[in-house]
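Colleague: I'd like to ask some things about the structure below.
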Amino acid sequence: MTLQKSPRHKELSIEELRWTCNPDVFDFDSTIALEPVDGIVGQERAIKALTLGVDIKGPGYNIFITGMSGTGKFTTIKQMLEKIRPQPTKLFDYVYVNNFKDPDYPRLLTFTAGQGLEFKKDMENAIKFLRENIIQLLESEAFNNKRKKLYEKYTEEQQSIMKPFEEKLTQNNFSLGQVKVGEVVRPELLPVIENKPVFIQQLEEYVKANKITSEQADGITQQYEKFQEELQTIFRKNFKLSQKYQKKITELEERIAGELVSITIDDLRERYKIKKVIKHLEQLEQNIISNLNIFKARPQPGAEEEFEAQFKNYSANIILNNSSVKERPVIIETTPSYSNIFGAIERVSDGSGTWFTDFTQIKSGSILRANGGYLVLNAMDALSEPGVWKTLKRVLLHNKLEIQDIAYVYQLAPSMLKPEPIIMDIKVILIGNEEIYYLLAEYEDDFKKAFKIKAEFDYEMKRTDKALVEYAHVVKKLVKHEELLEFDKSAIARIIEYGARYAENQNKLTTRFSAIADLARESNYWANDAGEKIVNAYHVNQAIKAAKERFGLDESKIQEMIIDKTILIDTDGERIGQVNGLAVYGDGLYSFGKPTRLTASTSVGNGEIINIDKDAGLSGKTHTKSIHIIGGYFREKFGLNNPLSFKASLVFEQGYGMIDGDSASIAEIAVLVSCLSEIPIKQYLAVTGSINQKGDVQPIGGVNEKVEGFFDVCKERGLNKKQGVIIPVQNIKDLMLKEEIIEAVSKKEFHIYSVSRVEEAIEILMGVKAGNQLKNGTYEKNTIYGIVEKKLNDMNKIVMKFKNNNEKKKVTKKGKSQTRKRK
């Protein structure tokens with residue numbers, strides 16, 4: 001049987017394999033003539049969204065920014081906010097002071113920026129003044145004279161009460177003495193016998209000594225009890241008199257010192273005409289007058305610290321001082337723990353195991369420092385920190401900040417203080433990725449209320465003449481800020497080509513400028529290492545080569561195993577049911593491609609395609625889906641007239657890890673077709689590409705790595721001028737292949753084909769025409785699909801014959817059974 005040869009398929013031209021940036025498009029020789037970039041490159045859409053979110057003052061217009069890492073989101077946001085932020089609203093200082101009526105609820109005082117520090121100093125000066133002058137005032141001669149007059153009057157009144165009683169005692173042979181009971185001295189009535197005062201308990205001794213009679217002792221006892229009641233009455237009168245005296249002394253002190261306190265506080269009231277401040281000063285004045293004892297006292301040696309602590313209640317705790325802030329604050333919180341963002345209430349140990357706190361231990365966080373401006377957070381960090389997301393959402397929805405300890409938020413410890421809430425006026429900017437955004441939008445009811453603006457940072461931009469120049473200005477900015485060597489235009493052109501390769505598109509450039517910056521820094525290193533004064537294309541190429549070598553250990557190990565045939569890959573000859581697929585390996589920092597062997601086996605069956613990797617638990621969802629798509633393709637191509645009567649199995653040989661993706665779909669169809677048609681596949685070719693159920697080829701990722709991976713294996717074994725790779729036609733624009741491949745293709749030593757239909761790939765792989773479907777529904781004879789169709793028909797006949805034989809056996813067994821029953 002003579003098979004129809006496949007039509008000649010066009011190879012890709014050298015121009016299609018790579019876009020080259022011509023240095024002559026630049027009107028400068030080096031970056032010496034350039035200015036650093038002013039603004040953000042390639043993120044026009046994101047900037048518009050950011051500007052909208054910044055300018056709108058309504059509730060909930062906070063911003064969630066998405067985009068790939070390395071696109072300069074943090075840098076861009078900081079630069080943009082500093083550039084476009086409107087004039088600052090009135091910024092404030094926030095001060096917590098003691099609540100004299102309820103210390104557990106510290107009072108918040110709000111001042112315009114700069115006033116908070118002035119208030120604190122004025123308070124300190126006022127208390128210092130009162131401490132120095134109250135004690136002097138209350139020790140002055142004028143005050144002592146007034147107090148002496150009160151004391152004299154008190155003494156007179158006391159004597160007027162005690163003198164008649166003492167005379168009465170004398171007349172009745174009693175005297176008033178004092179008895180010490182423990183450490184306490186108390187007055188005692190003492191009978192006088194033989195001109196000698198004695199205790200009432202000694203009377204019996206005097207009776208026994210015949211100094212007095214029993215009747216006299218009883219009379220003395222009765223008199224004692226009577227005088228004792230009078231004494232208690234006198235004591236009560238004296239106690240009330242003493243209280244009255246102490247009250248008058250206190251009133252005198254409060255009147256004399258109160259005038260000084262009032263004058264001092266009045267001066268503060270004149271300076272700070274703020275309603276809440278005036279109310280606090282009123283309570284402060286009352287508390288000082290009520291606690292003059294601590295102002296009168298002097299510190300005891302060794303107890304100075306405890307003495308000073310008594311005056312802490314009269315201090316002011318500035319938790320935010322905006323005196324030096326002239327613009328809207330932009331705070332980028334890189335460590336978004338609960339206390340770093342929302343503040344904390346610290347606790348102090350007294351050294352004996354007891355912990356306490358007060359208003360002076362309240363500390364602010366970055367969200368308060370950003371009040372009136374912008375707070376920038378990494379979304380993943382904020383979500384992973386305990387309590388942060390829950391509290392942040394509450395602050396944004398209610399526009400209030402309540403400073404608390406994280407233990408209180410999770411009810412692990414009781415709240416020791418409840419500071420007065422702070423009114424918030426803030427824009428929060430969260431930076432994350434699409435996955436985090438959609439998870440929050442789906443499962444957090446209030447997320448969309450709090451974050452109404454989404455700004456998407458693009459990972460690529462169109463390659464225009466303007467974009468090429470902007471890239472040069474980006475490099476110039478790095479040169480200036482990091483004091484690198486200048487770059488000539490050949491180096492700039494090579495960096496731009498790297499940007500297109502990174503974007504995997506000849507018509508696009510990456511906006512992940514962190515990668516571009518790393519390349520520029522490493523190119524600068526190699527230029528310095530060579531003693532050059534300017535960086536050129538050679539140094540850029542050297543940096544790219546060094547980076548590949550630095551990250552390429554896994555790649556070199558796999559290459560070694562392929563060359564020494566530990567991993568089985570053929571790059572010559574032909575074989576049925578075996579094809580070279582292409583896979584990409586990587587760890588996020590560096591990716592590379594290598595060929596992988598894909599095999600198939602077929603037999604008579606029911607049309608099932610077994611995915612061995614799936615049965616082994618090594619197939620991802622996308623790869624499993626692609627196997628079902630292949631089944632759909634076979635059913636449409638060969639199952640319209642007869643049921644598919646084959647069973648097949650597919651496997652990636654020597655695959656010991658997870659496999660995912662659909663880029664092996666063309667290879668899987670080709671290897672199945674090879675098994676069914678028994679036409680061999682050229683092992684010096686490799687193929688990559690996805691398909692749909694109709695056989696249309698779809699683009700794949702990592703095309704450059706895949707082509708280069710197969711080329712490196714072929715080159716190591718020796719190029720035979722037949723080797724090549726088949727790729728989807730849509731991936732032509734993504735090709736940015738290395739110069740080594742361009743040179744091999746120009747010498748006809750390596751070939752690259754593009755296909756738009758799976759049949760084209762099959763023809764290239766097998767060298768036989770795929771075959772068209774005729775009007776009668778069959779395929780052309782002596783073509784691949786014609787042979788497959790015939791093979792499937794033969795399999796179907798075998799299946800039908802097998803079924804018929806089984807039916808006959810069933811009928812025969814049934815007939816014999818019925819015969820036995822009749823007998």
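Note on naming: chains are A, B, ... as they come in the structure tokens, residues start from 1 per chain, ligands start from 1 in the order shown.
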Write out as a list in words the residues lying within 7 Å of Arg347 in chain A, counting only C-alpha atoms and excluding same-chain residues fewer than 6 positions away.

Modeller: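 My reading of the contact set: Trp355, Phe356, Thr357 and Gln361 of chain A.
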
Colleague: Write the residues of the preceding selection, restricted to N, CA, C and O atoms, as a PDB file, in the first residue's frame.

Modeller:
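Dumped everything to part20.pdb:
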```
ATOM      1  N   TRP A 355       0.209  43.302  87.105  1.00  0.00           N
ATOM      2  CA  TRP A 355       0.317  44.144  85.919  1.00  0.00           C
ATOM      3  C   TRP A 355      -0.772  45.205  85.966  1.00  0.00           C
ATOM      4  O   TRP A 355      -1.898  44.922  86.354  1.00  0.00           O
ATOM      5  N   PHE A 356      -0.411  46.407  85.580  1.00  0.00           N
ATOM      6  CA  PHE A 356      -1.400  47.480  85.567  1.00  0.00           C
ATOM      7  C   PHE A 356      -1.161  48.355  84.346  1.00  0.00           C
ATOM      8  O   PHE A 356      -0.114  48.270  83.682  1.00  0.00           O
ATOM      9  N   THR A 357      -2.121  49.215  84.061  1.00  0.00           N
ATOM     10  CA  THR A 357      -1.990  50.141  82.936  1.00  0.00           C
ATOM     11  C   THR A 357      -2.813  51.383  83.225  1.00  0.00           C
ATOM     12  O   THR A 357      -3.621  51.415  84.155  1.00  0.00           O
ATOM     13  N   GLN A 361      -0.208  54.599  78.887  1.00  0.00           N
ATOM     14  CA  GLN A 361       0.308  53.411  78.191  1.00  0.00           C
ATOM     15  C   GLN A 361      -0.402  53.158  76.863  1.00  0.00           C
ATOM     16  O   GLN A 361      -0.170  52.148  76.221  1.00  0.00           O
TER      17      GLN A 361
END
```

Colleague: For Ala297 in chain A, list every protein, DNA or RNA residue within 10 Å, evaluated using only C-alpha atoms, and leave out those in the same chain fewer than 3 positions away; present the list as a VMD selection string.

Modeller: chain A and resid 131 135 292 to 294 300 307

Colleague: Could you write those residues out with all heavy atoms, as a PDB file, in the first residue's frame?

Modeller:
```
ATOM      1  N   ARG A 131       3.205  72.726  91.906  1.00  0.00           N
ATOM      2  CA  ARG A 131       3.960  71.937  92.883  1.00  0.00           C
ATOM      3  C   ARG A 131       4.939  72.819  93.658  1.00  0.00           C
ATOM      4  O   ARG A 131       5.155  72.623  94.862  1.00  0.00           O
ATOM      5  CB  ARG A 131       4.713  70.800  92.190  1.00  0.00           C
ATOM      6  CG  ARG A 131       3.822  69.699  91.685  1.00  0.00           C
ATOM      7  CD  ARG A 131       4.625  68.630  90.970  1.00  0.00           C
ATOM      8  NE  ARG A 131       5.574  67.977  91.870  1.00  0.00           N
ATOM      9  CZ  ARG A 131       6.404  67.005  91.485  1.00  0.00           C
ATOM     10  NH1 ARG A 131       6.388  66.590  90.224  1.00  0.00           N
ATOM     11  NH2 ARG A 131       7.221  66.454  92.350  1.00  0.00           N
ATOM     12  N   ILE A 135       3.061  74.480  97.909  1.00  0.00           N
ATOM     13  CA  ILE A 135       3.728  74.142  99.169  1.00  0.00           C
ATOM     14  C   ILE A 135       4.285  75.390  99.849  1.00  0.00           C
ATOM     15  O   ILE A 135       4.257  75.533 101.083  1.00  0.00           O
ATOM     16  CB  ILE A 135       4.827  73.079  98.919  1.00  0.00           C
ATOM     17  CG1 ILE A 135       5.267  72.497 100.259  1.00  0.00           C
ATOM     18  CG2 ILE A 135       5.992  73.663  98.148  1.00  0.00           C
ATOM     19  CD1 ILE A 135       6.143  71.263 100.093  1.00  0.00           C
ATOM     20  N   LEU A 292      -4.811  68.355  97.500  1.00  0.00           N
ATOM     21  CA  LEU A 292      -3.700  69.241  97.837  1.00  0.00           C
ATOM     22  C   LEU A 292      -2.636  68.545  98.668  1.00  0.00           C
ATOM     23  O   LEU A 292      -1.482  68.990  98.716  1.00  0.00           O
ATOM     24  CB  LEU A 292      -4.240  70.463  98.608  1.00  0.00           C
ATOM     25  CG  LEU A 292      -5.047  71.468  97.767  1.00  0.00           C
ATOM     26  CD1 LEU A 292      -5.602  72.556  98.670  1.00  0.00           C
ATOM     27  CD2 LEU A 292      -4.192  72.069  96.667  1.00  0.00           C
ATOM     28  N   ASN A 293      -3.005  67.441  99.321  1.00  0.00           N
ATOM     29  CA  ASN A 293      -2.035  66.742 100.166  1.00  0.00           C
ATOM     30  C   ASN A 293      -0.793  66.319  99.398  1.00  0.00           C
ATOM     31  O   ASN A 293       0.316  66.369  99.937  1.00  0.00           O
ATOM     32  CB  ASN A 293      -2.684  65.519 100.816  1.00  0.00           C
ATOM     33  CG  ASN A 293      -3.653  65.909 101.924  1.00  0.00           C
ATOM     34  OD1 ASN A 293      -3.527  66.993 102.494  1.00  0.00           O
ATOM     35  ND2 ASN A 293      -4.612  65.050 102.221  1.00  0.00           N
ATOM     36  N   ILE A 294      -0.989  65.867  98.136  1.00  0.00           N
ATOM     37  CA  ILE A 294       0.191  65.413  97.381  1.00  0.00           C
ATOM     38  C   ILE A 294       1.027  66.602  96.931  1.00  0.00           C
ATOM     39  O   ILE A 294       2.234  66.468  96.702  1.00  0.00           O
ATOM     40  CB  ILE A 294      -0.198  64.536  96.171  1.00  0.00           C
ATOM     41  CG1 ILE A 294      -0.974  65.335  95.114  1.00  0.00           C
ATOM     42  CG2 ILE A 294      -0.990  63.321  96.608  1.00  0.00           C
ATOM     43  CD1 ILE A 294      -1.217  64.569  93.839  1.00  0.00           C
ATOM     44  N   GLN A 300      10.072  61.410 100.273  1.00  0.00           N
ATOM     45  CA  GLN A 300      10.908  60.776 101.281  1.00  0.00           C
ATOM     46  C   GLN A 300      12.147  60.181 100.608  1.00  0.00           C
ATOM     47  O   GLN A 300      12.085  59.728  99.467  1.00  0.00           O
ATOM     48  CB  GLN A 300      10.130  59.665 102.000  1.00  0.00           C
ATOM     49  CG  GLN A 300       8.925  60.170 102.769  1.00  0.00           C
ATOM     50  CD  GLN A 300       9.311  61.106 103.899  1.00  0.00           C
ATOM     51  OE1 GLN A 300      10.293  60.855 104.605  1.00  0.00           O
ATOM     52  NE2 GLN A 300       8.554  62.188 104.066  1.00  0.00           N
ATOM     53  N   PHE A 307       6.780  58.896  94.661  1.00  0.00           N
ATOM     54  CA  PHE A 307       6.238  60.228  94.883  1.00  0.00           C
ATOM     55  C   PHE A 307       5.879  60.894  93.546  1.00  0.00           C
ATOM     56  O   PHE A 307       4.805  61.486  93.402  1.00  0.00           O
ATOM     57  CB  PHE A 307       7.259  61.082  95.645  1.00  0.00           C
ATOM     58  CG  PHE A 307       6.788  62.478  95.929  1.00  0.00           C
ATOM     59  CD1 PHE A 307       5.885  62.727  96.960  1.00  0.00           C
ATOM     60  CD2 PHE A 307       7.241  63.548  95.173  1.00  0.00           C
ATOM     61  CE1 PHE A 307       5.445  64.011  97.222  1.00  0.00           C
ATOM     62  CE2 PHE A 307       6.799  64.829  95.425  1.00  0.00           C
ATOM     63  CZ  PHE A 307       5.899  65.068  96.455  1.00  0.00           C
TER      64      PHE A 307
END
```

Colleague: Counting only C-alpha atoms, what is within 6 Å of Leu735 in chain A, bar same-chain residues fewer than 3 positions away, as a PyMOL selection string?

Modeller: chain A and resi 17-18+704+732

Colleague: Can you list, as a PDB file with N, CA and C atoms, in the first residue's frame, every protein, DNA or RNA residue that comes within 7 Å of range 462-477 of chain A when you count only C-alpha atoms, leaving out same-chain residues fewer than 4 positions away?

Modeller:
```pdb
ATOM      1  N   THR A  31      22.560  56.742  28.013  1.00  0.00           N
ATOM      2  CA  THR A  31      21.623  57.334  28.982  1.00  0.00           C
ATOM      3  C   THR A  31      22.155  58.625  29.589  1.00  0.00           C
ATOM      4  N   LEU A  34      19.849  61.363  28.844  1.00  0.00           N
ATOM      5  CA  LEU A  34      18.448  61.207  29.243  1.00  0.00           C
ATOM      6  C   LEU A  34      18.205  61.729  30.657  1.00  0.00           C
ATOM      7  N   GLU A  35      16.938  62.018  30.921  1.00  0.00           N
ATOM      8  CA  GLU A  35      16.473  62.348  32.257  1.00  0.00           C
ATOM      9  C   GLU A  35      15.736  61.133  32.829  1.00  0.00           C
ATOM     10  N   PRO A  36      15.764  60.944  34.139  1.00  0.00           N
ATOM     11  CA  PRO A  36      15.012  59.820  34.729  1.00  0.00           C
ATOM     12  C   PRO A  36      13.524  59.949  34.421  1.00  0.00           C
ATOM     13  N   VAL A  37      12.849  58.796  34.359  1.00  0.00           N
ATOM     14  CA  VAL A  37      11.423  58.794  34.060  1.00  0.00           C
ATOM     15  C   VAL A  37      10.667  59.551  35.145  1.00  0.00           C
ATOM     16  N   VAL A  41       5.152  54.114  34.301  1.00  0.00           N
ATOM     17  CA  VAL A  41       5.201  53.616  32.928  1.00  0.00           C
ATOM     18  C   VAL A  41       4.280  52.414  32.769  1.00  0.00           C
ATOM     19  N   HIS A 481      19.534  56.819  40.694  1.00  0.00           N
ATOM     20  CA  HIS A 481      19.214  56.547  42.095  1.00  0.00           C
ATOM     21  C   HIS A 481      20.212  55.603  42.738  1.00  0.00           C
ATOM     22  N   ILE A 492      20.552  49.305  26.046  1.00  0.00           N
ATOM     23  CA  ILE A 492      19.127  49.606  26.205  1.00  0.00           C
ATOM     24  C   ILE A 492      18.308  48.717  25.271  1.00  0.00           C
ATOM     25  N   ASN A 507       5.205  41.815  20.523  1.00  0.00           N
ATOM     26  CA  ASN A 507       4.545  43.111  20.413  1.00  0.00           C
ATOM     27  C   ASN A 507       4.262  43.746  21.777  1.00  0.00           C
ATOM     28  N   LYS A 508       4.771  43.129  22.845  1.00  0.00           N
ATOM     29  CA  LYS A 508       4.537  43.637  24.190  1.00  0.00           C
ATOM     30  C   LYS A 508       5.869  43.738  24.936  1.00  0.00           C
ATOM     31  N   LEU A 509       5.859  44.540  25.979  1.00  0.00           N
ATOM     32  CA  LEU A 509       6.993  44.642  26.887  1.00  0.00           C
ATOM     33  C   LEU A 509       6.488  44.434  28.308  1.00  0.00           C
TER      34      LEU A 509
END
```

Colleague: Need to verify the contact set: Gly771 in chain A, 9 Å, only C-alpha atoms, exclusion of same-chain residues closer than 4 positions in sequence. Can you return it as a ChimeraX atom specification?

Modeller: /A:4,759,779-786

Colleague: So, counting only C-alpha atoms, which residue among A:Ile669, A:Ile764, A:Cys714, A:Val788 is closest to Ala744 in chain A?

Modeller: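 Looking at the shortest contact to Ala744 in chain A, the residue is A:Cys714.
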
Colleague: Go through A:Ile727, A:Val54, A:Ile249, A:Leu676 one by one, measure the shortest atom-to-atom distance of each to Lys146 in chain A using only C-alpha atoms, and give the residue with the smallest value.

Modeller: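 Checking each candidate against Lys146 in chain A, we get A:Ile249 as the closest.
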
Colleague: Looking at only C-alpha atoms, which of A:Gln178, A:Gln683, A:Asn528, A:Asn536 is the one that sits closest to Glu574 in chain A?

Modeller: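 Smallest distance to Glu574 in chain A is found for A:Gln683.
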
Colleague: Give me the residues within 12 Å of Ile516 in chain A as a list in words, counting only C-alpha atoms and dropping any in the same chain fewer than 5 places off.

Modeller: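 Listed by chain and then number, they are Gly70, Thr71, Gly72, Tyr471, Ala472, Val474, Val475, Lys476, Leu478, Ile492, Arg494, Ile495, Ile496, Glu497, Tyr498, Gly499, Ala500, Arg501, Tyr502, Ala503, Leu509, Thr510, Thr511, Arg521, Glu522, Ser523, Val540, Ala543 and Ile544 of chain A.
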
Colleague: Taking 3 positions as the minimum chain separation for residues in the same chain, which residues sit within 7 Å of Arg575 in chain A when counting only C-alpha atoms? Answer as a compact mmCIF listing (two decimals) with C-alpha atoms, in the first residue's frame.

Modeller:
```txt
# COMPACT_ATOMS: atom_id res chain seq x y z
CA GLN A 578 5.61 7.41 20.77
CA PRO A 680 5.45 5.82 12.95
CA ILE A 681 6.12 9.28 14.32
CA LYS A 682 9.37 11.10 13.58
CA GLN A 683 11.32 11.14 16.83
```

Colleague: Return as a PyMOL selection string the full set of residues in range 212-403 of chain A whose backbone-based DSSP assignment is helix (DSSP H, G or I).

Modeller: chain A and resi 214-271+275-290+292-296+304-309+312-314+338-342+359-361+366-369+379-384+388-398

Colleague: Output the selection as a CSV table (one decimal), in the first residue's frame - C-alpha atoms for each residue.

Modeller:
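That gives us out09.csv:
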```csv
chain,number,residue,atom,x,y,z
A,214,SER,CA,-17.0,47.5,150.0
A,215,GLU,CA,-19.7,50.1,150.1
A,216,GLN,CA,-17.3,52.8,149.1
A,217,ALA,CA,-15.9,50.7,146.3
A,218,ASP,CA,-19.4,50.1,144.9
A,219,GLY,CA,-20.1,53.8,145.1
A,220,ILE,CA,-16.9,54.6,143.2
A,221,THR,CA,-17.8,52.0,140.6
A,222,GLN,CA,-21.2,53.5,140.0
A,223,GLN,CA,-19.7,57.0,139.8
A,224,TYR,CA,-17.1,55.6,137.3
A,225,GLU,CA,-19.8,54.2,135.0
A,226,LYS,CA,-21.7,57.5,135.2
A,227,PHE,CA,-18.6,59.6,134.4
A,228,GLN,CA,-17.7,57.1,131.6
A,229,GLU,CA,-21.0,57.9,129.8
A,230,GLU,CA,-20.3,61.6,130.2
A,231,LEU,CA,-16.8,61.1,128.9
A,232,GLN,CA,-18.1,59.3,125.7
A,233,THR,CA,-20.5,62.2,125.1
A,234,ILE,CA,-17.7,64.7,125.5
A,235,PHE,CA,-15.5,62.6,123.1
A,236,ARG,CA,-18.2,62.7,120.5
A,237,LYS,CA,-18.4,66.5,120.9
A,238,ASN,CA,-14.7,66.8,120.6
A,239,PHE,CA,-14.6,64.5,117.5
A,240,LYS,CA,-17.2,66.7,115.8
A,241,LEU,CA,-15.3,69.7,116.9
A,242,SER,CA,-12.1,68.2,115.4
A,243,GLN,CA,-13.9,67.4,112.2
A,244,LYS,CA,-15.2,70.9,112.0
A,245,TYR,CA,-11.7,72.2,112.6
A,246,GLN,CA,-10.2,70.0,109.9
A,247,LYS,CA,-12.9,71.0,107.5
A,248,LYS,CA,-12.1,74.7,108.2
A,249,ILE,CA,-8.4,74.1,107.7
A,250,THR,CA,-9.1,72.2,104.5
A,251,GLU,CA,-11.4,75.0,103.3
A,252,LEU,CA,-8.8,77.5,104.2
A,253,GLU,CA,-6.2,75.6,102.2
A,254,GLU,CA,-8.5,75.1,99.3
A,255,ARG,CA,-9.5,78.8,99.3
A,256,ILE,CA,-5.9,80.0,99.5
A,257,ALA,CA,-4.4,77.4,97.1
A,258,GLY,CA,-7.6,77.3,94.9
A,259,GLU,CA,-7.0,80.9,93.9
A,260,LEU,CA,-3.5,80.0,92.7
A,261,VAL,CA,-4.8,76.9,90.9
A,262,SER,CA,-7.7,78.8,89.3
A,263,ILE,CA,-5.4,81.5,88.0
A,264,THR,CA,-3.0,78.9,86.6
A,265,ILE,CA,-5.8,76.9,84.9
A,266,ASP,CA,-7.5,80.1,83.6
A,267,ASP,CA,-4.3,80.8,81.7
A,268,LEU,CA,-4.7,77.3,80.0
A,269,ARG,CA,-8.4,78.0,79.3
A,270,GLU,CA,-7.5,81.2,77.6
A,271,ARG,CA,-5.0,79.4,75.3
A,275,LYS,CA,-15.0,72.6,74.5
A,276,LYS,CA,-13.5,69.2,75.5
A,277,VAL,CA,-10.3,70.7,76.6
A,278,ILE,CA,-12.1,73.3,78.8
A,279,LYS,CA,-14.2,70.5,80.3
A,280,HIS,CA,-11.0,68.5,81.1
A,281,LEU,CA,-9.4,71.6,82.7
A,282,GLU,CA,-12.4,72.1,84.9
A,283,GLN,CA,-12.1,68.5,86.2
A,284,LEU,CA,-8.3,68.9,86.5
A,285,GLU,CA,-8.8,72.0,88.6
A,286,GLN,CA,-11.3,70.3,90.9
A,287,ASN,CA,-9.0,67.3,91.3
A,288,ILE,CA,-6.0,69.3,92.2
A,289,ILE,CA,-7.9,71.3,94.8
A,290,SER,CA,-9.3,68.0,96.2
A,292,LEU,CA,-3.7,69.2,97.8
A,293,ASN,CA,-2.0,66.7,100.2
A,294,ILE,CA,0.2,65.4,97.4
A,295,PHE,CA,1.2,69.0,96.5
A,296,LYS,CA,1.9,69.8,100.1
A,304,GLU,CA,11.2,59.6,94.9
A,305,GLU,CA,9.9,57.5,92.1
A,306,GLU,CA,6.7,56.6,93.9
A,307,PHE,CA,6.2,60.2,94.9
A,308,GLU,CA,6.5,61.4,91.3
A,309,ALA,CA,4.1,58.7,90.1
A,312,LYS,CA,1.1,61.1,86.4
A,313,ASN,CA,-2.7,61.7,86.3
A,314,TYR,CA,-2.1,65.3,85.5
A,338,TYR,CA,-2.5,44.1,64.9
A,339,SER,CA,-0.5,46.4,67.3
A,340,ASN,CA,1.5,48.0,64.5
A,341,ILE,CA,-1.7,49.0,62.6
A,342,PHE,CA,-4.2,49.8,65.4
A,359,PHE,CA,-4.0,56.3,79.9
A,360,THR,CA,-0.2,56.9,79.6
A,361,GLN,CA,0.3,53.4,78.2
A,366,SER,CA,0.0,53.2,61.5
A,367,ILE,CA,-3.7,53.6,60.8
A,368,LEU,CA,-3.8,56.7,63.1
A,369,ARG,CA,-0.6,58.1,61.6
A,379,ALA,CA,-3.6,42.2,51.5
A,380,MET,CA,-2.1,38.7,52.2
A,381,ASP,CA,-0.1,40.0,55.1
A,382,ALA,CA,-3.1,41.8,56.6
A,383,LEU,CA,-5.4,38.7,56.2
A,384,SER,CA,-2.9,36.4,57.7
A,388,VAL,CA,-6.2,42.6,61.5
A,389,TRP,CA,-8.9,42.1,58.8
A,390,LYS,CA,-11.8,42.0,61.2
A,391,THR,CA,-10.7,45.3,62.9
A,392,LEU,CA,-9.8,47.0,59.7
A,393,LYS,CA,-13.2,46.3,58.2
A,394,ARG,CA,-14.9,47.7,61.4
A,395,VAL,CA,-12.8,50.9,61.3
A,396,LEU,CA,-13.6,51.5,57.6
A,397,LEU,CA,-17.4,50.8,58.0
A,398,HIS,CA,-17.9,52.9,61.1
```

Colleague: Report, in Å with one decimal, the straight-line distance from CA of Pro699 in chain A to CA of Lys594 in chain A.

Modeller: 18.1 Å

Colleague: With only C-alpha atoms as the atoms that count, which of A:Asn804, A:Ser30, A:Gln693, A:Asn62 lies nearest to Ile426 in chain A?

Modeller: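 The answer is A:Asn62, which sits nearest to Ile426 in chain A.
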
Colleague: Looking at A:Ala583, A:Gly607, A:Ile127, A:Leu589, which one is nearest to Asp662 in chain A, with distances taken over only C-alpha atoms?

Modeller: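 Comparing A:Ala583, A:Gly607, A:Ile127, A:Leu589 against Asp662 in chain A, the winner is A:Ala583.
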
Colleague: Any chance you could list, as a PyMOL selection string, the residues in range 581-762 of chain A that come up strand (DSSP E) when DSSP is run on the backbone?

Modeller: chain A and resi 581-586+591-604+609-611+646-652+681-682+685-687+690-691+697-698+724-728+751-755

Colleague: Could you state the separation of CA of Glu333 in chain A and CA of Thr112 in chain A in Å, given to one decimal place?

Modeller: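 Value for the CA of Glu333 in chain A-CA of Thr112 in chain A distance: 24.6 Å.
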